[in-house]
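Pasting upload29.cif here (mmCIF, C-alpha atoms):
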```
data_structure
loop_
_atom_site.group_PDB
_atom_site.id
_atom_site.type_symbol
_atom_site.label_atom_id
_atom_site.label_comp_id
_atom_site.auth_asym_id
_atom_site.auth_seq_id
_atom_site.Cartn_x
_atom_site.Cartn_y
_atom_site.Cartn_z
ATOM 1 C CA MET A 36 38.793 -10.279 -53.853
ATOM 2 C CA ALA A 37 39.819 -12.053 -50.654
ATOM 3 C CA ARG A 38 38.626 -15.644 -50.297
ATOM 4 C CA ALA A 39 38.124 -18.224 -47.586
ATOM 5 C CA PHE A 40 37.749 -21.878 -48.522
ATOM 6 C CA VAL A 41 34.979 -23.468 -46.444
ATOM 7 C CA PHE A 42 33.931 -27.085 -46.085
ATOM 8 C CA PRO A 43 30.417 -28.514 -45.525
ATOM 9 C CA GLY A 44 29.128 -30.495 -42.584
ATOM 10 C CA GLN A 45 26.720 -33.352 -42.087
ATOM 11 C CA GLY A 46 23.456 -33.069 -43.980
ATOM 12 C CA SER A 47 25.077 -32.249 -47.334
ATOM 13 C CA GLN A 48 25.569 -35.931 -48.198
ATOM 14 C CA ALA A 49 23.608 -37.538 -51.042
ATOM 15 C CA VAL A 50 23.870 -40.775 -53.007
ATOM 16 C CA GLY A 51 25.991 -40.103 -56.078
ATOM 17 C CA MET A 52 28.206 -37.578 -54.295
ATOM 18 C CA GLY A 53 31.613 -37.193 -55.907
ATOM 19 C CA LYS A 54 30.875 -39.490 -58.850
ATOM 20 C CA GLU A 55 31.006 -36.791 -61.539
ATOM 21 C CA LEU A 56 34.400 -35.646 -60.266
ATOM 22 C CA VAL A 57 35.771 -39.200 -60.185
ATOM 23 C CA ASP A 58 34.466 -39.958 -63.679
ATOM 24 C CA ALA A 59 36.046 -36.784 -65.065
ATOM 25 C CA PHE A 60 39.346 -36.476 -63.200
ATOM 26 C CA PRO A 61 41.985 -39.059 -62.178
ATOM 27 C CA ALA A 62 43.023 -36.831 -59.245
ATOM 28 C CA ALA A 63 39.577 -37.233 -57.668
ATOM 29 C CA LYS A 64 39.650 -41.002 -58.155
ATOM 30 C CA GLU A 65 43.026 -41.176 -56.391
ATOM 31 C CA VAL A 66 41.638 -39.325 -53.352
ATOM 32 C CA LEU A 67 38.672 -41.662 -52.978
ATOM 33 C CA GLN A 68 40.901 -44.709 -53.406
ATOM 34 C CA GLU A 69 43.183 -43.445 -50.651
ATOM 35 C CA VAL A 70 40.201 -42.910 -48.336
ATOM 36 C CA ASP A 71 38.883 -46.412 -49.115
ATOM 37 C CA ASP A 72 42.323 -47.855 -48.336
ATOM 38 C CA ALA A 73 42.681 -45.864 -45.100
ATOM 39 C CA LEU A 74 39.324 -47.116 -43.829
ATOM 40 C CA SER A 75 39.575 -50.639 -45.281
ATOM 41 C CA GLN A 76 36.062 -49.944 -46.555
ATOM 42 C CA LYS A 77 34.503 -49.420 -49.977
ATOM 43 C CA LEU A 78 33.205 -46.021 -48.920
ATOM 44 C CA SER A 79 33.328 -44.740 -52.515
ATOM 45 C CA LYS A 80 30.909 -47.477 -53.641
ATOM 46 C CA LEU A 81 28.522 -46.506 -50.837
ATOM 47 C CA MET A 82 28.824 -42.841 -51.856
ATOM 48 C CA PHE A 83 28.061 -43.570 -55.504
ATOM 49 C CA GLU A 84 25.379 -46.254 -55.129
ATOM 50 C CA GLY A 85 23.927 -46.039 -51.604
ATOM 51 C CA PRO A 86 21.812 -47.265 -49.937
ATOM 52 C CA GLU A 87 21.002 -43.799 -48.636
ATOM 53 C CA ASP A 88 20.262 -44.923 -45.069
ATOM 54 C CA GLU A 89 23.710 -46.469 -44.806
ATOM 55 C CA LEU A 90 25.433 -43.421 -46.301
ATOM 56 C CA THR A 91 23.553 -41.195 -43.850
ATOM 57 C CA LEU A 92 24.971 -43.076 -40.846
ATOM 58 C CA THR A 93 27.226 -40.616 -39.037
ATOM 59 C CA GLU A 94 30.282 -42.869 -39.261
ATOM 60 C CA ASN A 95 29.928 -42.994 -43.066
ATOM 61 C CA ALA A 96 28.615 -39.514 -43.829
ATOM 62 C CA GLN A 97 31.484 -37.757 -42.052
ATOM 63 C CA PRO A 98 34.428 -39.311 -43.940
ATOM 64 C CA ALA A 99 32.373 -39.327 -47.164
ATOM 65 C CA LEU A 100 31.791 -35.584 -47.078
ATOM 66 C CA MET A 101 35.456 -34.980 -46.347
ATOM 67 C CA ALA A 102 36.424 -37.258 -49.244
ATOM 68 C CA VAL A 103 34.350 -35.255 -51.755
ATOM 69 C CA SER A 104 35.821 -31.983 -50.485
ATOM 70 C CA MET A 105 39.368 -33.297 -50.787
ATOM 71 C CA ALA A 106 38.648 -34.785 -54.212
ATOM 72 C CA ALA A 107 37.437 -31.405 -55.471
ATOM 73 C CA LEU A 108 40.503 -29.722 -54.008
ATOM 74 C CA ALA A 109 42.808 -32.298 -55.597
ATOM 75 C CA VAL A 110 41.220 -31.581 -58.976
ATOM 76 C CA LEU A 111 41.789 -27.828 -58.541
ATOM 77 C CA LYS A 112 45.455 -28.540 -57.848
ATOM 78 C CA ALA A 113 45.879 -31.021 -60.695
ATOM 79 C CA GLU A 114 43.936 -29.114 -63.361
ATOM 80 C CA GLY A 115 44.692 -25.528 -62.390
ATOM 81 C CA GLY A 116 47.847 -25.688 -60.310
ATOM 82 C CA LEU A 117 45.938 -24.266 -57.342
ATOM 83 C CA ASP A 118 48.118 -23.238 -54.402
ATOM 84 C CA LEU A 119 45.806 -23.010 -51.392
ATOM 85 C CA ALA A 120 48.025 -20.509 -49.580
ATOM 86 C CA LYS A 121 47.787 -18.143 -52.570
ATOM 87 C CA ALA A 122 44.145 -18.857 -53.430
ATOM 88 C CA CYS A 123 42.656 -18.046 -50.020
ATOM 89 C CA SER A 124 43.408 -16.233 -46.764
ATOM 90 C CA PHE A 125 41.627 -18.594 -44.356
ATOM 91 C CA VAL A 126 39.902 -21.970 -44.155
ATOM 92 C CA ALA A 127 36.881 -22.958 -42.072
ATOM 93 C CA GLY A 128 34.467 -25.870 -41.902
ATOM 94 C CA HIS A 129 31.087 -26.605 -40.365
ATOM 95 C CA SER A 130 31.469 -29.252 -37.633
ATOM 96 C CA LEU A 131 33.070 -32.255 -39.401
ATOM 97 C CA GLY A 132 34.001 -29.787 -42.154
ATOM 98 C CA GLU A 133 36.606 -28.393 -39.793
ATOM 99 C CA TYR A 134 38.576 -31.619 -40.317
ATOM 100 C CA SER A 135 38.243 -31.205 -44.099
ATOM 101 C CA ALA A 136 39.494 -27.618 -43.750
ATOM 102 C CA LEU A 137 42.519 -28.762 -41.760
ATOM 103 C CA ALA A 138 43.293 -31.527 -44.261
ATOM 104 C CA ALA A 139 43.050 -28.985 -47.076
ATOM 105 C CA ALA A 140 45.451 -26.659 -45.235
ATOM 106 C CA GLY A 141 47.974 -29.458 -44.665
ATOM 107 C CA SER A 142 47.455 -29.965 -40.924
ATOM 108 C CA PHE A 143 46.312 -33.594 -41.317
ATOM 109 C CA SER A 144 47.174 -36.236 -43.880
ATOM 110 C CA LEU A 145 44.237 -37.488 -45.935
ATOM 111 C CA ALA A 146 44.440 -40.981 -44.407
ATOM 112 C CA ASP A 147 44.547 -39.627 -40.851
ATOM 113 C CA THR A 148 41.575 -37.352 -41.558
ATOM 114 C CA ALA A 149 39.506 -40.258 -42.881
ATOM 115 C CA ARG A 150 40.293 -42.400 -39.846
ATOM 116 C CA LEU A 151 39.646 -39.549 -37.405
ATOM 117 C CA LEU A 152 36.248 -38.855 -38.928
ATOM 118 C CA LYS A 153 35.310 -42.544 -38.908
ATOM 119 C CA THR A 154 36.219 -42.622 -35.215
ATOM 120 C CA ARG A 155 34.378 -39.358 -34.577
ATOM 121 C CA GLY A 156 31.233 -40.601 -36.270
ATOM 122 C CA GLN A 157 31.249 -43.879 -34.357
ATOM 123 C CA ALA A 158 31.960 -42.131 -31.045
ATOM 124 C CA MET A 159 29.187 -39.573 -31.522
ATOM 125 C CA GLN A 160 26.731 -42.323 -32.428
ATOM 126 C CA ARG A 161 27.617 -44.391 -29.359
ATOM 127 C CA ALA A 162 27.727 -41.500 -26.889
ATOM 128 C CA VAL A 163 23.951 -41.409 -26.374
ATOM 129 C CA PRO A 164 21.535 -44.357 -26.629
ATOM 130 C CA VAL A 165 19.147 -44.018 -29.590
ATOM 131 C CA GLY A 166 15.984 -42.178 -28.605
ATOM 132 C CA GLU A 167 17.427 -40.375 -25.571
ATOM 133 C CA GLY A 168 18.642 -37.291 -27.423
ATOM 134 C CA ALA A 169 17.288 -34.990 -30.120
ATOM 135 C CA MET A 170 17.972 -31.792 -32.041
ATOM 136 C CA ALA A 171 15.608 -29.110 -33.312
ATOM 137 C CA ALA A 172 15.881 -26.126 -35.640
ATOM 138 C CA LEU A 173 14.457 -22.852 -34.355
ATOM 139 C CA LEU A 174 13.803 -20.621 -37.369
ATOM 140 C CA GLY A 175 13.157 -16.922 -36.969
ATOM 141 C CA LEU A 176 14.907 -16.564 -33.598
ATOM 142 C CA ASP A 177 18.380 -15.098 -33.131
ATOM 143 C CA LEU A 178 20.913 -16.584 -30.719
ATOM 144 C CA PRO A 179 19.904 -14.576 -27.601
ATOM 145 C CA ALA A 180 16.236 -15.481 -28.154
ATOM 146 C CA ALA A 181 17.154 -19.133 -28.721
ATOM 147 C CA GLN A 182 19.183 -19.095 -25.506
ATOM 148 C CA GLU A 183 16.101 -17.812 -23.664
ATOM 149 C CA VAL A 184 14.173 -20.781 -25.073
ATOM 150 C CA VAL A 185 16.918 -23.135 -23.856
ATOM 151 C CA ASP A 186 16.952 -21.603 -20.365
ATOM 152 C CA GLU A 187 13.172 -21.874 -20.082
ATOM 153 C CA SER A 188 12.894 -25.392 -21.527
ATOM 154 C CA ALA A 189 15.767 -27.298 -19.914
ATOM 155 C CA GLU A 190 14.072 -28.006 -16.556
ATOM 156 C CA GLY A 191 17.241 -29.610 -15.239
ATOM 157 C CA GLU A 192 17.888 -31.703 -18.354
ATOM 158 C CA VAL A 193 20.686 -31.208 -20.873
ATOM 159 C CA LEU A 194 19.742 -28.616 -23.493
ATOM 160 C CA SER A 195 21.969 -26.168 -25.322
ATOM 161 C CA CYS A 196 22.367 -24.169 -28.509
ATOM 162 C CA ALA A 197 24.325 -26.434 -30.852
ATOM 163 C CA ASN A 198 24.608 -24.449 -34.105
ATOM 164 C CA ASP A 199 24.321 -20.710 -34.660
ATOM 165 C CA ASN A 200 24.124 -21.026 -38.434
ATOM 166 C CA ALA A 201 22.751 -17.670 -39.574
ATOM 167 C CA PRO A 202 20.468 -14.895 -38.343
ATOM 168 C CA GLY A 203 17.199 -16.636 -37.512
ATOM 169 C CA GLN A 204 18.592 -20.155 -37.809
ATOM 170 C CA VAL A 205 19.694 -21.718 -34.529
ATOM 171 C CA VAL A 206 19.763 -25.445 -33.739
ATOM 172 C CA VAL A 207 19.315 -26.741 -30.195
ATOM 173 C CA SER A 208 20.438 -30.126 -28.910
ATOM 174 C CA GLY A 209 20.013 -32.226 -25.796
ATOM 175 C CA ALA A 210 17.727 -34.611 -23.971
ATOM 176 C CA LYS A 211 14.716 -35.558 -26.099
ATOM 177 C CA ALA A 212 12.049 -34.273 -23.731
ATOM 178 C CA ALA A 213 13.876 -30.971 -23.250
ATOM 179 C CA VAL A 214 14.232 -30.487 -27.016
ATOM 180 C CA GLU A 215 10.532 -31.230 -27.484
ATOM 181 C CA ARG A 216 9.709 -28.593 -24.841
ATOM 182 C CA ALA A 217 11.998 -26.143 -26.633
ATOM 183 C CA VAL A 218 10.045 -26.601 -29.870
ATOM 184 C CA GLU A 219 6.831 -25.565 -28.128
ATOM 185 C CA VAL A 220 8.405 -22.689 -26.170
ATOM 186 C CA ALA A 221 10.060 -21.359 -29.341
ATOM 187 C CA LYS A 222 6.692 -21.194 -31.081
ATOM 188 C CA GLU A 223 5.301 -19.262 -28.115
ATOM 189 C CA LYS A 224 8.223 -16.838 -28.384
ATOM 190 C CA GLY A 225 7.553 -16.084 -32.020
ATOM 191 C CA ALA A 226 9.657 -18.556 -33.969
ATOM 192 C CA LYS A 227 8.514 -18.812 -37.588
ATOM 193 C CA ARG A 228 9.073 -22.552 -37.420
ATOM 194 C CA ALA A 229 10.439 -24.920 -34.802
ATOM 195 C CA MET A 230 10.911 -28.537 -35.733
ATOM 196 C CA LEU A 231 12.690 -31.688 -34.666
ATOM 197 C CA LEU A 232 15.514 -32.726 -36.980
ATOM 198 C CA GLN A 233 16.009 -36.220 -38.373
ATOM 199 C CA VAL A 234 19.365 -36.865 -36.714
ATOM 200 C CA SER A 235 20.710 -39.949 -35.010
ATOM 201 C CA ALA A 236 22.193 -38.242 -31.931
ATOM 202 C CA PRO A 237 22.232 -34.896 -30.056
ATOM 203 C CA PHE A 238 25.399 -33.365 -31.510
ATOM 204 C CA HIS A 239 27.297 -30.394 -30.055
ATOM 205 C CA CYS A 240 25.912 -30.569 -26.546
ATOM 206 C CA PRO A 241 27.262 -31.900 -23.205
ATOM 207 C CA MET A 242 25.682 -35.319 -23.857
ATOM 208 C CA MET A 243 28.521 -35.828 -26.377
ATOM 209 C CA ALA A 244 31.150 -35.821 -23.591
ATOM 210 C CA PRO A 245 31.991 -39.542 -24.069
ATOM 211 C CA ALA A 246 32.707 -38.822 -27.753
ATOM 212 C CA ALA A 247 34.916 -35.874 -26.784
ATOM 213 C CA ASP A 248 36.970 -38.224 -24.610
ATOM 214 C CA VAL A 249 37.373 -40.645 -27.520
ATOM 215 C CA MET A 250 38.465 -37.835 -29.839
ATOM 216 C CA GLY A 251 40.929 -36.555 -27.260
ATOM 217 C CA GLU A 252 42.639 -39.941 -27.297
ATOM 218 C CA ALA A 253 42.491 -40.271 -31.102
ATOM 219 C CA LEU A 254 43.843 -36.776 -31.768
ATOM 220 C CA ALA A 255 46.678 -37.281 -29.292
ATOM 221 C CA LYS A 256 48.043 -40.059 -31.536
ATOM 222 C CA VAL A 257 47.948 -38.045 -34.773
ATOM 223 C CA ASP A 258 50.553 -35.655 -36.120
ATOM 224 C CA ILE A 259 49.160 -32.142 -36.620
ATOM 225 C CA GLN A 260 51.062 -29.573 -38.695
ATOM 226 C CA ALA A 261 50.474 -25.827 -38.624
ATOM 227 C CA PRO A 262 47.977 -25.020 -41.429
ATOM 228 C CA VAL A 263 49.289 -23.115 -44.473
ATOM 229 C CA VAL A 264 46.557 -20.524 -43.827
ATOM 230 C CA PRO A 265 44.804 -19.936 -40.488
ATOM 231 C CA LEU A 266 41.673 -21.877 -39.539
ATOM 232 C CA ILE A 267 38.662 -20.009 -38.169
ATOM 233 C CA ALA A 268 37.661 -22.422 -35.408
ATOM 234 C CA ASN A 269 34.036 -23.445 -34.815
ATOM 235 C CA VAL A 270 34.039 -22.974 -31.052
ATOM 236 C CA THR A 271 35.887 -19.628 -30.897
ATOM 237 C CA ALA A 272 35.063 -18.021 -34.266
ATOM 238 C CA ALA A 273 38.685 -16.860 -34.212
ATOM 239 C CA PRO A 274 41.846 -17.745 -36.168
ATOM 240 C CA VAL A 275 44.066 -20.572 -34.932
ATOM 241 C CA GLU A 276 47.368 -21.891 -36.289
ATOM 242 C CA ASP A 277 49.077 -23.577 -33.328
ATOM 243 C CA PRO A 278 48.817 -27.404 -33.609
ATOM 244 C CA ALA A 279 48.340 -27.908 -29.860
ATOM 245 C CA GLU A 280 45.532 -25.351 -29.807
ATOM 246 C CA ILE A 281 43.927 -26.933 -32.891
ATOM 247 C CA ARG A 282 43.955 -30.308 -31.118
ATOM 248 C CA ARG A 283 42.326 -28.828 -28.002
ATOM 249 C CA LEU A 284 39.633 -26.984 -29.964
ATOM 250 C CA LEU A 285 38.720 -30.082 -31.984
ATOM 251 C CA VAL A 286 38.014 -31.928 -28.735
ATOM 252 C CA GLU A 287 36.017 -28.990 -27.382
ATOM 253 C CA GLN A 288 34.074 -28.827 -30.660
ATOM 254 C CA VAL A 289 32.390 -32.200 -30.011
ATOM 255 C CA THR A 290 30.352 -30.752 -27.130
ATOM 256 C CA GLY A 291 30.575 -27.051 -28.032
ATOM 257 C CA MET A 292 28.444 -24.818 -30.212
ATOM 258 C CA VAL A 293 29.312 -24.359 -33.897
ATOM 259 C CA ARG A 294 29.561 -20.570 -34.137
ATOM 260 C CA TRP A 295 29.145 -20.404 -37.908
ATOM 261 C CA ARG A 296 27.432 -17.004 -38.113
ATOM 262 C CA GLU A 297 30.170 -15.444 -36.000
ATOM 263 C CA SER A 298 32.846 -17.291 -37.981
ATOM 264 C CA CYS A 299 31.633 -15.742 -41.228
ATOM 265 C CA LEU A 300 31.517 -12.286 -39.649
ATOM 266 C CA ALA A 301 35.039 -12.845 -38.308
ATOM 267 C CA LEU A 302 36.163 -13.650 -41.845
ATOM 268 C CA LYS A 303 34.571 -10.421 -43.071
ATOM 269 C CA ASP A 304 36.403 -8.490 -40.350
ATOM 270 C CA LYS A 305 39.636 -10.020 -41.698
ATOM 271 C CA GLY A 306 38.868 -8.698 -45.171
ATOM 272 C CA VAL A 307 37.289 -11.810 -46.716
ATOM 273 C CA ASP A 308 34.425 -11.091 -49.084
ATOM 274 C CA THR A 309 33.981 -14.469 -50.838
ATOM 275 C CA LEU A 310 33.422 -17.923 -49.384
ATOM 276 C CA VAL A 311 34.302 -20.813 -51.674
ATOM 277 C CA GLU A 312 32.452 -23.948 -50.514
ATOM 278 C CA VAL A 313 34.476 -26.996 -51.552
ATOM 279 C CA GLY A 314 32.605 -30.301 -51.687
ATOM 280 C CA ALA A 315 29.054 -31.631 -51.627
ATOM 281 C CA GLY A 316 26.015 -29.360 -51.596
ATOM 282 C CA LYS A 317 25.536 -25.605 -51.345
ATOM 283 C CA VAL A 318 24.507 -25.131 -47.712
ATOM 284 C CA LEU A 319 27.344 -22.849 -46.614
ATOM 285 C CA SER A 320 27.419 -20.746 -49.780
ATOM 286 C CA GLY A 321 23.683 -20.237 -49.250
ATOM 287 C CA LEU A 322 24.023 -19.268 -45.588
ATOM 288 C CA VAL A 323 26.621 -16.573 -46.221
ATOM 289 C CA ARG A 324 24.099 -14.412 -48.057
ATOM 290 C CA ARG A 325 21.854 -14.496 -45.012
ATOM 291 C CA ILE A 326 24.713 -13.696 -42.661
ATOM 292 C CA ASP A 327 26.039 -10.655 -44.534
ATOM 293 C CA ARG A 328 24.739 -9.311 -47.850
ATOM 294 C CA GLU A 329 28.127 -7.795 -48.684
ATOM 295 C CA MET A 330 29.686 -11.279 -48.788
ATOM 296 C CA THR A 331 29.192 -13.787 -51.580
ATOM 297 C CA GLY A 332 29.390 -17.554 -51.743
ATOM 298 C CA THR A 333 30.234 -19.975 -54.497
ATOM 299 C CA ASN A 334 30.599 -23.740 -54.481
ATOM 300 C CA ILE A 335 32.848 -26.315 -56.140
ATOM 301 C CA GLY A 336 31.383 -29.797 -56.316
ATOM 302 C CA THR A 337 31.097 -30.732 -60.000
ATOM 303 C CA PRO A 338 33.394 -30.646 -63.060
ATOM 304 C CA ALA A 339 31.509 -27.564 -64.309
ATOM 305 C CA ASP A 340 32.103 -25.829 -60.957
ATOM 306 C CA VAL A 341 35.824 -26.653 -61.203
ATOM 307 C CA GLU A 342 36.081 -25.179 -64.688
ATOM 308 C CA ALA A 343 34.175 -22.039 -63.702
ATOM 309 C CA PHE A 344 36.321 -21.448 -60.627
ATOM 310 C CA LEU A 345 39.626 -22.011 -62.406
ATOM 311 C CA ALA A 346 38.513 -19.593 -65.117
ATOM 312 C CA SER A 347 37.800 -16.970 -62.464
ATOM 313 C CA ILE A 348 41.236 -16.948 -60.810
#
```
Kindly transcribe the structure held in the file into structure tokens.
Amino acid sequence: MARAFVFPGQGSQAVGMGKELVDAFPAAKEVLQEVDDALSQKLSKLMFEGPEDELTLTENAQPALMAVSMAALAVLKAEGGLDLAKACSFVAGHSLGEYSALAAAGSFSLADTARLLKTRGQAMQRAVPVGEGAMAALLGLDLPAAQEVVDESAEGEVLSCANDNAPGQVVVSGAKAAVERAVEVAKEKGAKRAMLLQVSAPFHCPMMAPAADVMGEALAKVDIQAPVVPLIANVTAAPVEDPAEIRRLLVEQVTGMVRWRESCLALKDKGVDTLVEVGAGKVLSGLVRRIDREMTGTNIGTPADVEAFLASI
């Protein structure tokens, strides 16, 4: 069995996230305390108690999801002596999860990762005035068909494919009117469903350029180490280990498409057959079955998950 450790993106957050791990394991509590200290914010309290609308804010959801992933990883190390370099061949993460993956692989310190994601969330929120951008999921269309929808619907406005998540699951992002046109055009082109998403900004499209500039400045000030295992990057769906290249791709990722389907297939080409989703939710371990039936996914987000995984290795 060859594994990749993968890390979830925005949308997997929920009130109560990480609490079981913290209650059961001191190592998890230490991670959340370090994140709270790095941000000078009681993020852990917000994660455990809500309110949900505040947790869902991009600037909170991004570091919160990373914190749960790193807490779960810390527990694996403390309870089972997990050595990431021996336990998996690659890491990858969906959008913000790419930062979690890099923290897990030793490229970023935990404190730096928390601060970078707080900055990223704030910058993405501020890049586009509320109501000017939107995102929509096009279900039942593959990437070429979704691109046809984008080309037909843009009419001179910003519109692009933002996430290629799985066969028949593509998300588009851009100017609100263009996204609304895309929903209608997609239905005409045979999409099973096409619907606007409840998001606060149009992520992973050129409208995020101001946020990319902010992240370029923030990443330039942070030390990046070579990861202990290669990262499969969102925007290239290819392995990367060079710190300078990682820095460049993280900036590009703000406006670029998350090539998750291709990333999973790239992992398969490298011999990976199992994706281990570390952190909140089960989105990525669910998607892998739709991407390639020969691959399997499992997730580690609760004490029971930790015990089951450690028993399996």
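Proximity to Arg155 of chain A was assessed for A:Leu131, A:Ala261, A:Ala122, A:Cys240 counting only C-alpha atoms; the smallest distance is recorded for A:Leu131.
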Shell of 12 Å around Glu287 of chain A, only C-alpha atoms, local chain residues under 3 positions omitted, as a PDB file with C-alpha atoms, in the frame of the given file:
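Result file is selection.pdb:
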```
ATOM      1  CA  SER A 130      31.469 -29.252 -37.633  1.00  0.00           C
ATOM      2  CA  HIS A 239      27.297 -30.394 -30.055  1.00  0.00           C
ATOM      3  CA  CYS A 240      25.912 -30.569 -26.546  1.00  0.00           C
ATOM      4  CA  PRO A 241      27.262 -31.900 -23.205  1.00  0.00           C
ATOM      5  CA  MET A 243      28.521 -35.828 -26.377  1.00  0.00           C
ATOM      6  CA  ALA A 244      31.150 -35.821 -23.591  1.00  0.00           C
ATOM      7  CA  PRO A 245      31.991 -39.542 -24.069  1.00  0.00           C
ATOM      8  CA  ALA A 246      32.707 -38.822 -27.753  1.00  0.00           C
ATOM      9  CA  ALA A 247      34.916 -35.874 -26.784  1.00  0.00           C
ATOM     10  CA  ASP A 248      36.970 -38.224 -24.610  1.00  0.00           C
ATOM     11  CA  VAL A 249      37.373 -40.645 -27.520  1.00  0.00           C
ATOM     12  CA  MET A 250      38.465 -37.835 -29.839  1.00  0.00           C
ATOM     13  CA  GLY A 251      40.929 -36.555 -27.260  1.00  0.00           C
ATOM     14  CA  LEU A 254      43.843 -36.776 -31.768  1.00  0.00           C
ATOM     15  CA  ALA A 268      37.661 -22.422 -35.408  1.00  0.00           C
ATOM     16  CA  ASN A 269      34.036 -23.445 -34.815  1.00  0.00           C
ATOM     17  CA  VAL A 270      34.039 -22.974 -31.052  1.00  0.00           C
ATOM     18  CA  THR A 271      35.887 -19.628 -30.897  1.00  0.00           C
ATOM     19  CA  GLU A 280      45.532 -25.351 -29.807  1.00  0.00           C
ATOM     20  CA  ILE A 281      43.927 -26.933 -32.891  1.00  0.00           C
ATOM     21  CA  ARG A 282      43.955 -30.308 -31.118  1.00  0.00           C
ATOM     22  CA  ARG A 283      42.326 -28.828 -28.002  1.00  0.00           C
ATOM     23  CA  LEU A 284      39.633 -26.984 -29.964  1.00  0.00           C
ATOM     24  CA  THR A 290      30.352 -30.752 -27.130  1.00  0.00           C
ATOM     25  CA  GLY A 291      30.575 -27.051 -28.032  1.00  0.00           C
ATOM     26  CA  MET A 292      28.444 -24.818 -30.212  1.00  0.00           C
ATOM     27  CA  VAL A 293      29.312 -24.359 -33.897  1.00  0.00           C
TER      28      VAL A 293
END
```
Please return as a PDB file with C-alpha atoms, in the frame of the given file every residue within 8 Å of (46.1, -33.2, -38.0), taking into account only C-alpha atoms and the file's own coordinates.
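Okay, result31.pdb is ready:
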```pdb
ATOM      1  CA  LEU A 137      42.519 -28.762 -41.760  1.00  0.00           C
ATOM      2  CA  ALA A 138      43.293 -31.527 -44.261  1.00  0.00           C
ATOM      3  CA  GLY A 141      47.974 -29.458 -44.665  1.00  0.00           C
ATOM      4  CA  SER A 142      47.455 -29.965 -40.924  1.00  0.00           C
ATOM      5  CA  PHE A 143      46.312 -33.594 -41.317  1.00  0.00           C
ATOM      6  CA  SER A 144      47.174 -36.236 -43.880  1.00  0.00           C
ATOM      7  CA  ASP A 147      44.547 -39.627 -40.851  1.00  0.00           C
ATOM      8  CA  THR A 148      41.575 -37.352 -41.558  1.00  0.00           C
ATOM      9  CA  LEU A 254      43.843 -36.776 -31.768  1.00  0.00           C
ATOM     10  CA  VAL A 257      47.948 -38.045 -34.773  1.00  0.00           C
ATOM     11  CA  ASP A 258      50.553 -35.655 -36.120  1.00  0.00           C
ATOM     12  CA  ILE A 259      49.160 -32.142 -36.620  1.00  0.00           C
ATOM     13  CA  GLN A 260      51.062 -29.573 -38.695  1.00  0.00           C
ATOM     14  CA  PRO A 278      48.817 -27.404 -33.609  1.00  0.00           C
ATOM     15  CA  ARG A 282      43.955 -30.308 -31.118  1.00  0.00           C
TER      16      ARG A 282
END
```
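Atom CA of Ser298 of chain A lies 4.4 Å from atom CA of Ala272 of chain A.
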Legend entry - Who sits within 9 Å of Glu297 of chain A, only C-alpha atoms, same chain under 2 positions skipped, as a list in words: Asp199, Asn200, Ala201, Asn269, Thr271, Ala272, Ala273, Arg294, Trp295, Cys299, Leu300, Ala301, Leu302 and Ile326 of chain A
Inset, instruction - Tell me which of A:Leu176, A:Ala113, A:Met230, A:Val214 sits closest to Phe60 of chain A, counting only C-alpha atoms. - result: A:Ala113
Legend entry - Ref. answer, residues at most 9 Å from (37.4, -41.1, -46.6) with all atoms listed in the file, as an NGL selection string: :A and (66-74 or 76 or 78-79 or 95 or 97-103 or 145-146 or 148-150 or 152-153)
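When only C-alpha atoms are used to measure the gap to Thr93 of chain A, the shortest distance among A:Val264, A:Ala212, A:Val41, A:Ala236 belongs to A:Ala236.
Nearest-residue note for Val341 of chain A: choosing from A:Gly209, A:Pro202, A:Gly115, A:Gly128, the minimum distance belongs to A:Gly115, counting all atoms listed in the file.
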Inset, instruction - I would like the residues chosen by the PyMOL selection byres ((chain A and resi 171) around 10) on the shown file; could you give them as an NGL selection string? - result: :A and (169-170 or 172-174 or 196-197 or 205-209 or 211 or 214-215 or 217-218 or 229-234 or 237)
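Straight-line separation from atom CA of Val165 of chain A to atom CA of Ala213 of chain A: 15.4 Å.
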Legend entry - Length of the atom CA of Phe125 of chain A to atom CA of Gln182 of chain A vector [Å]: 29.3 Å
Legend entry - Best match for closeness to Pro274 of chain A among A:Ala158, A:Ala127, A:Ser320, A:Val307, counting all atoms listed in the file: A:Ala127
Inset, instruction - Check what the PyMOL selection byres ((chain A and resi 53) around 10) selects in the file above and give those residues as a ChimeraX atom specification. - result: /A:48-52,54-58,63-64,67,79,82-83,99-100,102-104,106-107,314-315,336-338
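Of the residues under consideration (A:Ala189, A:Ala339, A:Leu119, A:Ala37), A:Ala37 shows the shortest atom-to-atom contact distance to Lys305 of chain A when counting all atoms listed in the file.
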